[in-house]
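Asks: What follows is query.cif, mmCIF, C-alpha atoms, pLDDT in the B column; chains and numbers go by the auth columns.
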data_data
loop_
_atom_site.group_PDB
_atom_site.id
_atom_site.type_symbol
_atom_site.label_atom_id
_atom_site.label_comp_id
_atom_site.label_asym_id
_atom_site.label_seq_id
_atom_site.Cartn_x
_atom_site.Cartn_y
_atom_site.Cartn_z
_atom_site.B_iso_or_equiv
_atom_site.auth_seq_id
_atom_site.auth_asym_id
ATOM 1 C CA MET A 1 139.630 183.813 63.769 35.00 1 A
ATOM 2 C CA THR A 2 141.238 182.022 66.718 32.00 2 A
ATOM 3 C CA SER A 3 142.698 178.599 66.065 33.00 3 A
ATOM 4 C CA VAL A 4 144.359 176.194 68.518 34.00 4 A
ATOM 5 C CA THR A 5 145.034 172.479 68.426 35.00 5 A
ATOM 6 C CA ILE A 6 144.149 170.240 71.374 35.00 6 A
ATOM 7 C CA ASN A 7 145.211 166.593 71.054 38.00 7 A
ATOM 8 C CA ALA A 8 143.721 165.241 67.834 45.00 8 A
ATOM 9 C CA MET A 9 141.186 167.883 66.997 52.00 9 A
ATOM 10 C CA GLU A 10 141.448 171.533 66.107 54.00 10 A
ATOM 11 C CA VAL A 11 139.365 174.201 67.839 50.00 11 A
ATOM 12 C CA ILE A 12 138.461 177.210 65.721 47.00 12 A
ATOM 13 C CA ASN A 13 136.406 179.952 67.369 52.00 13 A
ATOM 14 C CA GLY A 14 135.230 177.524 70.025 57.00 14 A
ATOM 15 C CA GLN A 15 134.162 174.774 67.609 59.00 15 A
ATOM 16 C CA TRP A 16 135.798 171.358 67.190 67.00 16 A
ATOM 17 C CA TYR A 17 137.127 170.307 63.802 72.00 17 A
ATOM 18 C CA MET A 18 138.431 166.820 63.130 86.00 18 A
ATOM 19 C CA GLY A 19 141.004 165.654 60.645 90.00 19 A
ATOM 20 C CA GLY A 20 140.364 162.808 58.248 95.00 20 A
ATOM 21 C CA ILE A 21 139.694 162.263 54.566 95.00 21 A
ATOM 22 C CA ASP A 22 136.796 162.692 52.197 96.00 22 A
ATOM 23 C CA TRP A 23 134.162 159.943 51.939 97.00 23 A
ATOM 24 C CA ASP A 24 135.012 159.468 48.256 97.00 24 A
ATOM 25 C CA ASP A 25 138.751 159.146 48.867 96.00 25 A
ATOM 26 C CA GLU A 26 140.116 155.750 47.879 93.00 26 A
ATOM 27 C CA GLY A 27 141.554 155.162 51.360 93.00 27 A
ATOM 28 C CA CYS A 28 138.428 156.119 53.309 98.00 28 A
ATOM 29 C CA ILE A 29 136.875 153.509 55.615 98.00 29 A
ATOM 30 C CA HIS A 30 133.093 153.358 55.191 98.00 30 A
ATOM 31 C CA SER A 31 131.867 150.702 57.635 98.00 31 A
ATOM 32 C CA ALA A 32 132.590 148.833 60.848 98.00 32 A
ATOM 33 C CA ASP A 33 133.438 145.725 58.818 98.00 33 A
ATOM 34 C CA GLU A 34 136.034 147.644 56.809 98.00 34 A
ATOM 35 C CA LEU A 35 137.495 149.044 60.019 98.00 35 A
ATOM 36 C CA LEU A 36 137.709 145.551 61.523 98.00 36 A
ATOM 37 C CA GLY A 37 139.702 144.419 58.499 98.00 37 A
ATOM 38 C CA VAL A 38 142.139 147.303 58.908 98.00 38 A
ATOM 39 C CA ILE A 39 142.597 146.627 62.639 98.00 39 A
ATOM 40 C CA GLU A 40 143.204 142.935 62.014 98.00 40 A
ATOM 41 C CA LYS A 41 145.748 143.778 59.294 98.00 41 A
ATOM 42 C CA ILE A 42 147.676 146.374 61.319 98.00 42 A
ATOM 43 C CA GLY A 43 147.115 144.960 64.804 98.00 43 A
ATOM 44 C CA PHE A 44 146.948 148.337 66.549 98.00 44 A
ATOM 45 C CA LEU A 45 144.891 151.449 65.812 98.00 45 A
ATOM 46 C CA PRO A 46 144.243 154.488 68.033 98.00 46 A
ATOM 47 C CA LEU A 47 140.845 156.128 67.666 98.00 47 A
ATOM 48 C CA PHE A 48 142.175 159.674 67.277 97.00 48 A
ATOM 49 C CA GLU A 49 145.179 161.332 65.663 95.00 49 A
ATOM 50 C CA ASN A 50 148.321 160.935 67.754 95.00 50 A
ATOM 51 C CA GLY A 51 151.362 162.329 65.983 91.00 51 A
ATOM 52 C CA ILE A 52 152.043 159.415 63.619 96.00 52 A
ATOM 53 C CA PRO A 53 150.574 160.405 60.227 95.00 53 A
ATOM 54 C CA GLY A 54 147.666 158.184 59.221 96.00 54 A
ATOM 55 C CA PHE A 55 147.804 156.027 62.347 98.00 55 A
ATOM 56 C CA SER A 56 144.241 156.435 63.659 98.00 56 A
ATOM 57 C CA VAL A 57 140.605 155.829 62.833 98.00 57 A
ATOM 58 C CA GLU A 58 140.236 159.609 62.585 97.00 58 A
ATOM 59 C CA ASN A 59 142.841 159.786 59.820 97.00 59 A
ATOM 60 C CA MET A 60 141.068 157.057 57.825 97.00 60 A
ATOM 61 C CA THR A 61 137.483 158.333 57.980 98.00 61 A
ATOM 62 C CA ASP A 62 135.284 161.198 56.839 97.00 62 A
ATOM 63 C CA PRO A 63 135.033 163.775 59.665 96.00 63 A
ATOM 64 C CA SER A 64 131.488 164.721 58.627 95.00 64 A
ATOM 65 C CA ARG A 65 130.216 161.243 59.607 96.00 65 A
ATOM 66 C CA TRP A 66 131.423 161.299 63.215 96.00 66 A
ATOM 67 C CA TRP A 67 128.724 161.554 65.898 95.00 67 A
ATOM 68 C CA CYS A 68 125.882 161.454 63.386 95.00 68 A
ATOM 69 C CA GLY A 69 124.345 158.549 65.327 93.00 69 A
ATOM 70 C CA ASP A 70 124.032 156.198 62.357 96.00 70 A
ATOM 71 C CA ALA A 71 125.989 153.025 63.158 96.00 71 A
ATOM 72 C CA ASN A 72 126.243 152.265 59.444 97.00 72 A
ATOM 73 C CA VAL A 73 128.564 155.219 58.822 97.00 73 A
ATOM 74 C CA ASP A 74 129.506 156.780 62.198 98.00 74 A
ATOM 75 C CA PRO A 75 133.035 155.804 63.383 98.00 75 A
ATOM 76 C CA TRP A 76 132.084 156.705 66.966 97.00 76 A
ATOM 77 C CA GLU A 77 129.361 154.058 66.845 97.00 77 A
ATOM 78 C CA TRP A 78 131.747 151.538 65.276 98.00 78 A
ATOM 79 C CA ARG A 79 133.771 151.348 68.477 97.00 79 A
ATOM 80 C CA ALA A 80 130.726 149.773 70.167 96.00 80 A
ATOM 81 C CA VAL A 81 129.935 147.554 67.190 97.00 81 A
ATOM 82 C CA LEU A 82 133.469 146.152 67.133 98.00 82 A
ATOM 83 C CA ALA A 83 133.902 145.907 70.911 97.00 83 A
ATOM 84 C CA ARG A 84 130.991 143.501 71.188 96.00 84 A
ATOM 85 C CA THR A 85 132.270 141.220 68.404 97.00 85 A
ATOM 86 C CA GLY A 86 135.025 139.823 70.610 96.00 86 A
ATOM 87 C CA LYS A 87 137.390 140.067 67.638 98.00 87 A
ATOM 88 C CA VAL A 88 139.250 143.113 68.948 98.00 88 A
ATOM 89 C CA ALA A 89 140.014 144.738 72.279 98.00 89 A
ATOM 90 C CA TYR A 90 138.851 148.319 72.769 98.00 90 A
ATOM 91 C CA GLY A 91 139.918 150.632 75.558 98.00 91 A
ATOM 92 C CA LYS A 92 142.100 153.538 76.585 98.00 92 A
ATOM 93 C CA PHE A 93 145.318 151.975 75.371 98.00 93 A
ATOM 94 C CA TYR A 94 147.179 154.839 73.683 98.00 94 A
ATOM 95 C CA GLY A 95 148.408 157.712 75.819 96.00 95 A
ATOM 96 C CA ASN A 96 145.317 157.391 78.048 97.00 96 A
ATOM 97 C CA ARG A 97 143.142 157.685 74.965 97.00 97 A
ATOM 98 C CA ALA A 98 140.965 155.159 73.195 98.00 98 A
ATOM 99 C CA GLY A 99 141.799 152.707 70.466 98.00 99 A
ATOM 100 C CA PHE A 100 141.826 149.108 69.266 98.00 100 A
ATOM 101 C CA VAL A 101 144.142 146.109 69.482 98.00 101 A
ATOM 102 C CA SER A 102 143.443 143.027 67.369 98.00 102 A
ATOM 103 C CA LYS A 103 142.900 139.688 69.092 98.00 103 A
ATOM 104 C CA LYS A 104 145.985 138.258 67.381 98.00 104 A
ATOM 105 C CA TRP A 105 148.258 140.979 68.711 98.00 105 A
ATOM 106 C CA PHE A 106 146.722 141.409 72.150 98.00 106 A
ATOM 107 C CA PRO A 107 149.008 138.835 73.871 98.00 107 A
ATOM 108 C CA TYR A 108 152.055 140.828 72.699 98.00 108 A
ATOM 109 C CA PHE A 109 150.425 144.047 73.859 98.00 109 A
ATOM 110 C CA ALA A 110 149.516 142.546 77.257 98.00 110 A
ATOM 111 C CA ASN A 111 153.006 141.168 77.844 98.00 111 A
ATOM 112 C CA HIS A 112 154.516 144.553 76.979 98.00 112 A
ATOM 113 C CA ARG A 113 152.131 146.637 79.071 98.00 113 A
ATOM 114 C CA ARG A 114 151.943 144.261 82.062 98.00 114 A
ATOM 115 C CA ASP A 115 155.691 143.710 82.099 96.00 115 A
ATOM 116 C CA GLY A 116 154.865 140.014 82.378 91.00 116 A
ATOM 117 C CA TYR A 117 152.737 140.415 85.516 96.00 117 A
ATOM 118 C CA ASP A 118 149.262 139.142 86.280 94.00 118 A
ATOM 119 C CA PHE A 119 147.498 141.749 88.389 95.00 119 A
ATOM 120 C CA ASP A 120 147.667 139.753 91.617 92.00 120 A
ATOM 121 C CA ALA A 121 151.452 139.392 91.296 93.00 121 A
ATOM 122 C CA LEU A 122 151.750 143.079 90.378 96.00 122 A
ATOM 123 C CA TYR A 123 149.893 144.047 93.533 95.00 123 A
ATOM 124 C CA GLU A 124 151.784 141.635 95.777 94.00 124 A
ATOM 125 C CA ASP A 125 155.087 143.078 94.510 96.00 125 A
ATOM 126 C CA GLY A 126 153.913 146.575 95.431 96.00 126 A
ATOM 127 C CA LYS A 127 153.662 147.758 91.827 96.00 127 A
ATOM 128 C CA ALA A 128 149.902 148.440 91.908 97.00 128 A
ATOM 129 C CA GLY A 129 148.000 150.649 94.344 96.00 129 A
ATOM 130 C CA TYR A 130 145.051 149.782 96.550 96.00 130 A
ATOM 131 C CA ARG A 131 142.662 151.781 94.359 97.00 131 A
ATOM 132 C CA GLU A 132 143.476 149.600 91.364 97.00 132 A
ATOM 133 C CA LYS A 133 142.959 146.578 93.595 96.00 133 A
ATOM 134 C CA LEU A 134 139.518 147.836 94.644 96.00 134 A
ATOM 135 C CA LEU A 135 138.409 147.722 90.997 97.00 135 A
ATOM 136 C CA MET A 136 140.155 144.501 90.027 96.00 136 A
ATOM 137 C CA ASP A 137 138.709 142.740 93.089 93.00 137 A
ATOM 138 C CA LEU A 138 135.265 143.265 91.546 95.00 138 A
ATOM 139 C CA PHE A 139 136.359 140.780 88.882 92.00 139 A
ATOM 140 C CA VAL A 140 139.309 138.848 90.280 79.00 140 A
ATOM 141 C CA PRO A 141 139.632 138.557 94.096 65.00 141 A
ATOM 142 C CA LEU A 142 143.244 137.817 94.937 54.00 142 A
ATOM 143 C CA GLU A 143 142.360 134.985 97.295 55.00 143 A
ATOM 144 C CA VAL A 144 140.827 132.982 94.428 59.00 144 A
ATOM 145 C CA ASP A 145 142.523 131.623 91.318 65.00 145 A
ATOM 146 C CA MET A 146 139.774 133.097 89.161 61.00 146 A
ATOM 147 C CA TRP A 147 141.020 131.880 85.837 66.00 147 A
ATOM 148 C CA ASP A 148 140.214 128.326 86.921 69.00 148 A
ATOM 149 C CA VAL A 149 136.639 129.308 87.851 69.00 149 A
ATOM 150 C CA LYS A 150 133.669 129.104 85.488 70.00 150 A
ATOM 151 C CA VAL A 151 131.802 132.331 84.739 70.00 151 A
ATOM 152 C CA SER A 152 128.637 130.700 86.114 71.00 152 A
ATOM 153 C CA GLN A 153 130.323 130.505 89.528 74.00 153 A
ATOM 154 C CA LEU A 154 131.282 134.176 89.775 76.00 154 A
ATOM 155 C CA ASP A 155 128.173 135.428 91.583 75.00 155 A
ATOM 156 C CA ALA A 156 128.737 132.983 94.417 75.00 156 A
ATOM 157 C CA LEU A 157 132.274 134.344 94.795 75.00 157 A
ATOM 158 C CA GLY A 158 131.066 137.935 94.942 76.00 158 A
ATOM 159 C CA CYS A 159 132.560 139.064 91.657 83.00 159 A
ATOM 160 C CA ALA A 160 131.527 139.515 88.037 90.00 160 A
ATOM 161 C CA SER A 161 132.660 138.789 84.503 91.00 161 A
ATOM 162 C CA GLU A 162 131.525 142.245 83.338 95.00 162 A
ATOM 163 C CA LEU A 163 130.351 145.516 84.890 96.00 163 A
ATOM 164 C CA PHE A 164 129.125 148.907 83.721 96.00 164 A
ATOM 165 C CA THR A 165 131.577 151.662 84.631 97.00 165 A
ATOM 166 C CA HIS A 166 129.025 153.275 86.949 95.00 166 A
ATOM 167 C CA GLU A 167 128.598 149.943 88.723 95.00 167 A
ATOM 168 C CA MET A 168 132.359 149.714 89.150 97.00 168 A
ATOM 169 C CA LYS A 169 132.455 153.198 90.617 97.00 169 A
ATOM 170 C CA ASP A 170 129.779 152.415 93.202 96.00 170 A
ATOM 171 C CA LYS A 171 130.848 148.869 94.095 95.00 171 A
ATOM 172 C CA GLY A 172 134.516 149.824 94.214 96.00 172 A
ATOM 173 C CA GLY A 173 133.859 152.525 96.789 97.00 173 A
ATOM 174 C CA PHE A 174 134.465 155.533 94.540 97.00 174 A
ATOM 175 C CA GLY A 175 131.019 157.042 95.060 85.00 175 A
ATOM 176 C CA LYS A 176 130.197 160.240 96.911 87.00 176 A
ATOM 177 C CA GLY A 177 132.491 160.602 99.896 89.00 177 A
ATOM 178 C CA GLY A 178 134.551 157.567 98.846 94.00 178 A
ATOM 179 C CA GLU A 179 137.792 157.032 96.990 96.00 179 A
ATOM 180 C CA LYS A 180 138.948 159.652 94.488 96.00 180 A
ATOM 181 C CA ASN A 181 140.109 159.587 90.869 97.00 181 A
ATOM 182 C CA PHE A 182 137.929 156.755 89.589 98.00 182 A
ATOM 183 C CA GLU A 183 138.433 157.707 85.939 97.00 183 A
ATOM 184 C CA GLY A 184 142.189 157.884 86.362 98.00 184 A
ATOM 185 C CA VAL A 185 142.383 154.480 88.044 98.00 185 A
ATOM 186 C CA LEU A 186 140.116 152.897 85.434 98.00 186 A
ATOM 187 C CA THR A 187 142.220 154.375 82.637 98.00 187 A
ATOM 188 C CA LYS A 188 145.438 153.085 84.222 98.00 188 A
ATOM 189 C CA LEU A 189 144.055 149.537 84.322 98.00 189 A
ATOM 190 C CA GLN A 190 143.153 149.793 80.647 98.00 190 A
ATOM 191 C CA MET A 191 146.573 151.195 79.768 98.00 191 A
ATOM 192 C CA GLN A 192 148.101 148.206 81.558 98.00 192 A
ATOM 193 C CA SER A 193 145.751 145.886 79.598 98.00 193 A
ATOM 194 C CA TYR A 194 144.050 144.435 82.695 98.00 194 A
ATOM 195 C CA LEU A 195 140.628 145.758 81.656 98.00 195 A
ATOM 196 C CA VAL A 196 138.955 146.348 78.272 98.00 196 A
ATOM 197 C CA ALA A 197 135.569 147.653 77.126 98.00 197 A
ATOM 198 C CA LYS A 198 133.574 144.695 75.769 97.00 198 A
ATOM 199 C CA ASP A 199 130.395 146.624 74.928 97.00 199 A
ATOM 200 C CA PHE A 200 128.471 149.873 75.259 97.00 200 A
ATOM 201 C CA ARG A 201 124.870 149.632 76.508 94.00 201 A
ATOM 202 C CA PRO A 202 122.239 152.006 77.878 91.00 202 A
ATOM 203 C CA ARG A 203 121.488 151.829 81.575 88.00 203 A
ATOM 204 C CA LYS A 204 118.245 150.218 82.785 84.00 204 A
ATOM 205 C CA ASN A 205 115.821 151.576 85.357 85.00 205 A
ATOM 206 C CA LYS A 206 114.187 149.470 88.079 84.00 206 A
ATOM 207 C CA LYS A 207 111.585 148.278 85.566 85.00 207 A
ATOM 208 C CA GLY A 208 114.281 147.047 83.188 82.00 208 A
ATOM 209 C CA VAL A 209 113.673 149.812 80.637 87.00 209 A
ATOM 210 C CA GLU A 210 116.755 151.217 78.915 86.00 210 A
ATOM 211 C CA TYR A 211 117.440 154.938 79.126 86.00 211 A
ATOM 212 C CA GLY A 212 120.124 157.515 78.376 85.00 212 A
ATOM 213 C CA TRP A 213 123.421 157.213 76.542 88.00 213 A
ATOM 214 C CA ALA A 214 125.220 153.913 76.098 91.00 214 A
ATOM 215 C CA VAL A 215 127.741 153.256 78.881 95.00 215 A
ATOM 216 C CA ALA A 216 130.940 151.205 78.656 97.00 216 A
ATOM 217 C CA VAL A 217 130.846 147.650 79.969 98.00 217 A
ATOM 218 C CA MET A 218 134.254 146.586 81.289 98.00 218 A
ATOM 219 C CA THR A 219 135.824 143.150 81.660 96.00 219 A
ATOM 220 C CA PRO A 220 139.260 141.575 82.056 96.00 220 A
ATOM 221 C CA PRO A 221 140.342 140.352 78.595 95.00 221 A
ATOM 222 C CA GLU A 222 140.839 136.886 80.120 93.00 222 A
ATOM 223 C CA TYR A 223 137.049 136.561 80.318 92.00 223 A
ATOM 224 C CA MET A 224 136.767 137.231 76.573 93.00 224 A
ATOM 225 C CA TRP A 225 139.608 135.101 75.275 93.00 225 A
ATOM 226 C CA GLY A 226 140.832 132.887 78.097 90.00 226 A
ATOM 227 C CA TYR A 227 143.804 133.167 80.412 91.00 227 A
ATOM 228 C CA LYS A 228 146.136 130.989 78.341 93.00 228 A
ATOM 229 C CA PHE A 229 145.544 133.047 75.213 94.00 229 A
ATOM 230 C CA VAL A 230 145.911 136.485 76.836 96.00 230 A
ATOM 231 C CA THR A 231 149.115 135.494 78.624 95.00 231 A
ATOM 232 C CA GLY A 232 150.445 133.548 75.677 96.00 232 A
ATOM 233 C CA ARG A 233 153.555 135.752 75.259 97.00 233 A
ATOM 234 C CA TYR A 234 154.566 135.767 78.932 96.00 234 A
ATOM 235 C CA LYS A 235 157.308 133.303 78.000 96.00 235 A
ATOM 236 C CA GLU A 236 159.217 136.063 76.204 97.00 236 A
ATOM 237 C CA ALA A 237 160.699 139.240 77.634 98.00 237 A
ATOM 238 C CA PRO A 238 158.256 142.210 77.564 98.00 238 A
ATOM 239 C CA GLU A 239 160.809 144.237 75.604 97.00 239 A
ATOM 240 C CA GLU A 240 160.894 141.502 72.954 98.00 240 A
ATOM 241 C CA SER A 241 157.099 141.722 72.605 98.00 241 A
ATOM 242 C CA TYR A 242 157.430 145.486 72.285 98.00 242 A
ATOM 243 C CA LYS A 243 160.043 145.173 69.513 98.00 243 A
ATOM 244 C CA LYS A 244 157.645 142.957 67.563 98.00 244 A
ATOM 245 C CA ILE A 245 154.888 145.542 68.024 98.00 245 A
ATOM 246 C CA VAL A 246 157.161 148.296 66.701 98.00 246 A
ATOM 247 C CA LYS A 247 158.113 146.190 63.691 98.00 247 A
ATOM 248 C CA GLN A 248 154.450 145.473 62.959 98.00 248 A
ATOM 249 C CA VAL A 249 153.454 149.152 63.091 98.00 249 A
ATOM 250 C CA GLN A 250 156.406 150.113 60.905 98.00 250 A
ATOM 251 C CA LYS A 251 155.149 147.733 58.211 97.00 251 A
ATOM 252 C CA HIS A 252 152.230 150.095 57.696 97.00 252 A
ATOM 253 C CA PHE A 253 153.347 153.565 58.853 97.00 253 A
ATOM 254 C CA ASP A 254 156.424 155.735 58.457 96.00 254 A
ATOM 255 C CA ALA A 255 157.427 156.160 62.096 96.00 255 A
ATOM 256 C CA ASP A 256 160.610 155.613 64.068 96.00 256 A
ATOM 257 C CA GLU A 257 160.782 153.741 67.365 96.00 257 A
ATOM 258 C CA LYS A 258 160.768 156.944 69.423 95.00 258 A
ATOM 259 C CA GLU A 259 157.518 158.112 67.787 97.00 259 A
ATOM 260 C CA ILE A 260 155.875 154.708 68.289 97.00 260 A
ATOM 261 C CA ARG A 261 156.923 154.541 71.941 95.00 261 A
ATOM 262 C CA LYS A 262 155.076 157.798 72.598 95.00 262 A
ATOM 263 C CA VAL A 263 151.874 156.120 71.394 96.00 263 A
ATOM 264 C CA ILE A 264 152.192 152.427 72.343 94.00 264 A
#
Can the structure from this file be put into structure tokens for me?
Replies:
Amino acid sequence: MTSVTINAMEVINGQWYMGGIDWDDEGCIHSADELLGVIEKIGFLPLFENGIPGFSVENMTDPSRWWCGDANVDPWEWRAVLARTGKVAYGKFYGNRAGFVSKKWFPYFANHRRDGYDFDALYEDGKAGYREKLLMDLFVPLEVDMWDVKVSQLDALGCASELFTHEMKDKGGFGKGGEKNFEGVLTKLQMQSYLVAKDFRPRKNKKGVEYGWAVAVMTPPEYMWGYKFVTGRYKEAPEESYKKIVKQVQKHFDADEKEIRKVI
């Protein structure tokens, strides 16, 4: 038997095995509603195991239920269920890997990850590349103060409040023969908290009929919760927001600051 560990999951003889707990365990999460309650209590929760014991959806769920396709019990389906509620942010927030941040704690998270910058200011100060700008311009053109514009006006300005990832790739110029590293750029913008996944939906053909797997629908969090809310902690130093995040995580998990910094 050959056994190796890659990120969260173990590979034994070419097959993936997840961690987690038994369905009948007292601490097991059984539904999307239960998971929402845990996220709102903790504030932050990666999807997969990350080095801090217990600090992930994987660690709190039955591994046999993952990818079964039943949204009632499948944690993989719950990410879509919760993303569309608007009560949490979902995206690649933790070491370029997926997870949740509660609405309450998102302003702290955004201030920490953005270092107090809106994207336009970040770009103007030379701290963001042109590829990131290509994607953000699909939502927030720098020449317009978008947060003062109604969503109903976006089409006239040539931008959108939400886009499928494949639409972003094409419209941003990352298609065949275009810019490279679309997935890396998209992940970076999520890590910096400028974009989140608000839903997962199947694509539609020219007749409007859905087909294939559900695809992530991306949006700036400002379009979900408003600019004033998302930037509500800009008044404090980013490091101060980070210290509050660390303290919050340590209320629920046995981890030192060094371990938390590797994840958040």
Asks: When you count all atoms listed in the file, which of these residues is closest to A:Lys247: A:Ile29, A:Ala80, A:Ile42, A:Leu157?
Replies: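 Nearest to A:Lys247: A:Ile42.
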Asks: Apply the PyMOL selection byres ((chain A and resi 184-189) around 12) to the structure shown and report the selected residues as an MDAnalysis selection string.
Replies: chainID A and resid 91:98 110 113:114 118:119 122 128:136 164:166 168:169 172 174 179:183 190:197 216:221
Asks: Could those selected residues go to a file with C-alpha atoms, as a PDB file, in the coordinates of the input?
Replies:
ATOM      1  CA  GLY A  91     139.918 150.632  75.558  1.00 98.00           C
ATOM      2  CA  LYS A  92     142.100 153.538  76.585  1.00 98.00           C
ATOM      3  CA  PHE A  93     145.318 151.975  75.371  1.00 98.00           C
ATOM      4  CA  TYR A  94     147.179 154.839  73.683  1.00 98.00           C
ATOM      5  CA  GLY A  95     148.408 157.712  75.819  1.00 96.00           C
ATOM      6  CA  ASN A  96     145.317 157.391  78.048  1.00 97.00           C
ATOM      7  CA  ARG A  97     143.142 157.685  74.965  1.00 97.00           C
ATOM      8  CA  ALA A  98     140.965 155.159  73.195  1.00 98.00           C
ATOM      9  CA  ALA A 110     149.516 142.546  77.257  1.00 98.00           C
ATOM     10  CA  ARG A 113     152.131 146.637  79.071  1.00 98.00           C
ATOM     11  CA  ARG A 114     151.943 144.261  82.062  1.00 98.00           C
ATOM     12  CA  ASP A 118     149.262 139.142  86.280  1.00 94.00           C
ATOM     13  CA  PHE A 119     147.498 141.749  88.389  1.00 95.00           C
ATOM     14  CA  LEU A 122     151.750 143.079  90.378  1.00 96.00           C
ATOM     15  CA  ALA A 128     149.902 148.440  91.908  1.00 97.00           C
ATOM     16  CA  GLY A 129     148.000 150.649  94.344  1.00 96.00           C
ATOM     17  CA  TYR A 130     145.051 149.782  96.550  1.00 96.00           C
ATOM     18  CA  ARG A 131     142.662 151.781  94.359  1.00 97.00           C
ATOM     19  CA  GLU A 132     143.476 149.600  91.364  1.00 97.00           C
ATOM     20  CA  LYS A 133     142.959 146.578  93.595  1.00 96.00           C
ATOM     21  CA  LEU A 134     139.518 147.836  94.644  1.00 96.00           C
ATOM     22  CA  LEU A 135     138.409 147.722  90.997  1.00 97.00           C
ATOM     23  CA  MET A 136     140.155 144.501  90.027  1.00 96.00           C
ATOM     24  CA  PHE A 164     129.125 148.907  83.721  1.00 96.00           C
ATOM     25  CA  THR A 165     131.577 151.662  84.631  1.00 97.00           C
ATOM     26  CA  HIS A 166     129.025 153.275  86.949  1.00 95.00           C
ATOM     27  CA  MET A 168     132.359 149.714  89.150  1.00 97.00           C
ATOM     28  CA  LYS A 169     132.455 153.198  90.617  1.00 97.00           C
ATOM     29  CA  GLY A 172     134.516 149.824  94.214  1.00 96.00           C
ATOM     30  CA  PHE A 174     134.465 155.533  94.540  1.00 97.00           C
ATOM     31  CA  GLU A 179     137.792 157.032  96.990  1.00 96.00           C
ATOM     32  CA  LYS A 180     138.948 159.652  94.488  1.00 96.00           C
ATOM     33  CA  ASN A 181     140.109 159.587  90.869  1.00 97.00           C
ATOM     34  CA  PHE A 182     137.929 156.755  89.589  1.00 98.00           C
ATOM     35  CA  GLU A 183     138.433 157.707  85.939  1.00 97.00           C
ATOM     36  CA  GLN A 190     143.153 149.793  80.647  1.00 98.00           C
ATOM     37  CA  MET A 191     146.573 151.195  79.768  1.00 98.00           C
ATOM     38  CA  GLN A 192     148.101 148.206  81.558  1.00 98.00           C
ATOM     39  CA  SER A 193     145.751 145.886  79.598  1.00 98.00           C
ATOM     40  CA  TYR A 194     144.050 144.435  82.695  1.00 98.00           C
ATOM     41  CA  LEU A 195     140.628 145.758  81.656  1.00 98.00           C
ATOM     42  CA  VAL A 196     138.955 146.348  78.272  1.00 98.00           C
ATOM     43  CA  ALA A 197     135.569 147.653  77.126  1.00 98.00           C
ATOM     44  CA  ALA A 216     130.940 151.205  78.656  1.00 97.00           C
ATOM     45  CA  VAL A 217     130.846 147.650  79.969  1.00 98.00           C
ATOM     46  CA  MET A 218     134.254 146.586  81.289  1.00 98.00           C
ATOM     47  CA  THR A 219     135.824 143.150  81.660  1.00 96.00           C
ATOM     48  CA  PRO A 220     139.260 141.575  82.056  1.00 96.00           C
ATOM     49  CA  PRO A 221     140.342 140.352  78.595  1.00 95.00           C
TER      50      PRO A 221
END
Asks: Mind giving me the straight-line distance from atom CA of A:Glu240 to atom CA of A:Val140 in Å, one decimal?
Replies: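 Spanning atom CA of A:Glu240 to atom CA of A:Val140 is a straight-line distance of 27.8 Å.
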Asks: When distances are computed from all atoms listed in the file, which of A:Met224, A:Met18, A:Ala121, A:Cys28 shows the smallest separation from A:Thr61?
Replies: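 Once distances to A:Thr61 are computed over all atoms listed in the file, the minimum belongs to A:Cys28.
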Asks: Restricting the calculation to only C-alpha atoms, which member of A:Cys68, A:Leu35, A:Ile21, A:Ile264 is positioned closest to A:Tyr242?
Replies: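 Nearest to A:Tyr242: A:Ile264.
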Asks: Which distance in Å separates atom CA of A:Asn111 and atom CA of A:Val246, to one decimal?
Replies: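 Separation of atom CA of A:Asn111 and atom CA of A:Val246: 13.9 Å.
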Asks: Considering all atoms listed in the file, state which residue in the set A:Leu82, A:Ile52, A:Val73, A:Leu47 is at the smallest distance from A:His30.
Replies: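 Of the candidates, the smallest distance to A:His30 is held by A:Val73.
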Asks: Quick one: which residues end up in the PyMOL selection byres ((chain A and resi 79) around 9) for this structure, as an MDAnalysis selection string?
Replies: chainID A and resid 32 47 75:78 80:84 90 99:100 199:200
Asks: Do you have the atom CA of A:Pro53-atom CA of A:Asp70 distance handy?
Replies: 27.0 Å
Asks: List the residues matched by the PyMOL selection byres ((chain A and resi 204) around 12) in the displayed structure as a VMD selection string, ordered by chain and then by residue number.
Replies: chain A and resid 164 166 to 167 201 to 203 205 to 215
Asks: Out of A:Gly43, A:Gly178, A:Pro238, A:Gly173, which residue has the shortest atom-to-atom distance to A:Gln250 when counting only C-alpha atoms?
Replies: A:Gly43
Asks: If we draw a sphere of 8 Å around (132.1, 136.3, 86.9), which residues have at least one atom in it when counting all atoms listed in the file? Please report them as a VMD selection string.
Replies: chain A and resid 139 150 to 155 159 to 162
Asks: Could you give me, as a list in words, the residues within 7 Å of A:Phe48, counting only C-alpha atoms and dropping anything in the same chain fewer than 2 positions from it?
Replies: Ala8, Pro46, Asn50, Ser56, Val57 and Glu58 of chain A
Asks: Using all atoms listed in the file, can you tell me which of A:Tyr108, A:Val101, A:Gly51, A:Met60 comes closest to A:Glu34?
Replies: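 Between A:Tyr108, A:Val101, A:Gly51, A:Met60, the residue approaching A:Glu34 most closely is A:Met60.
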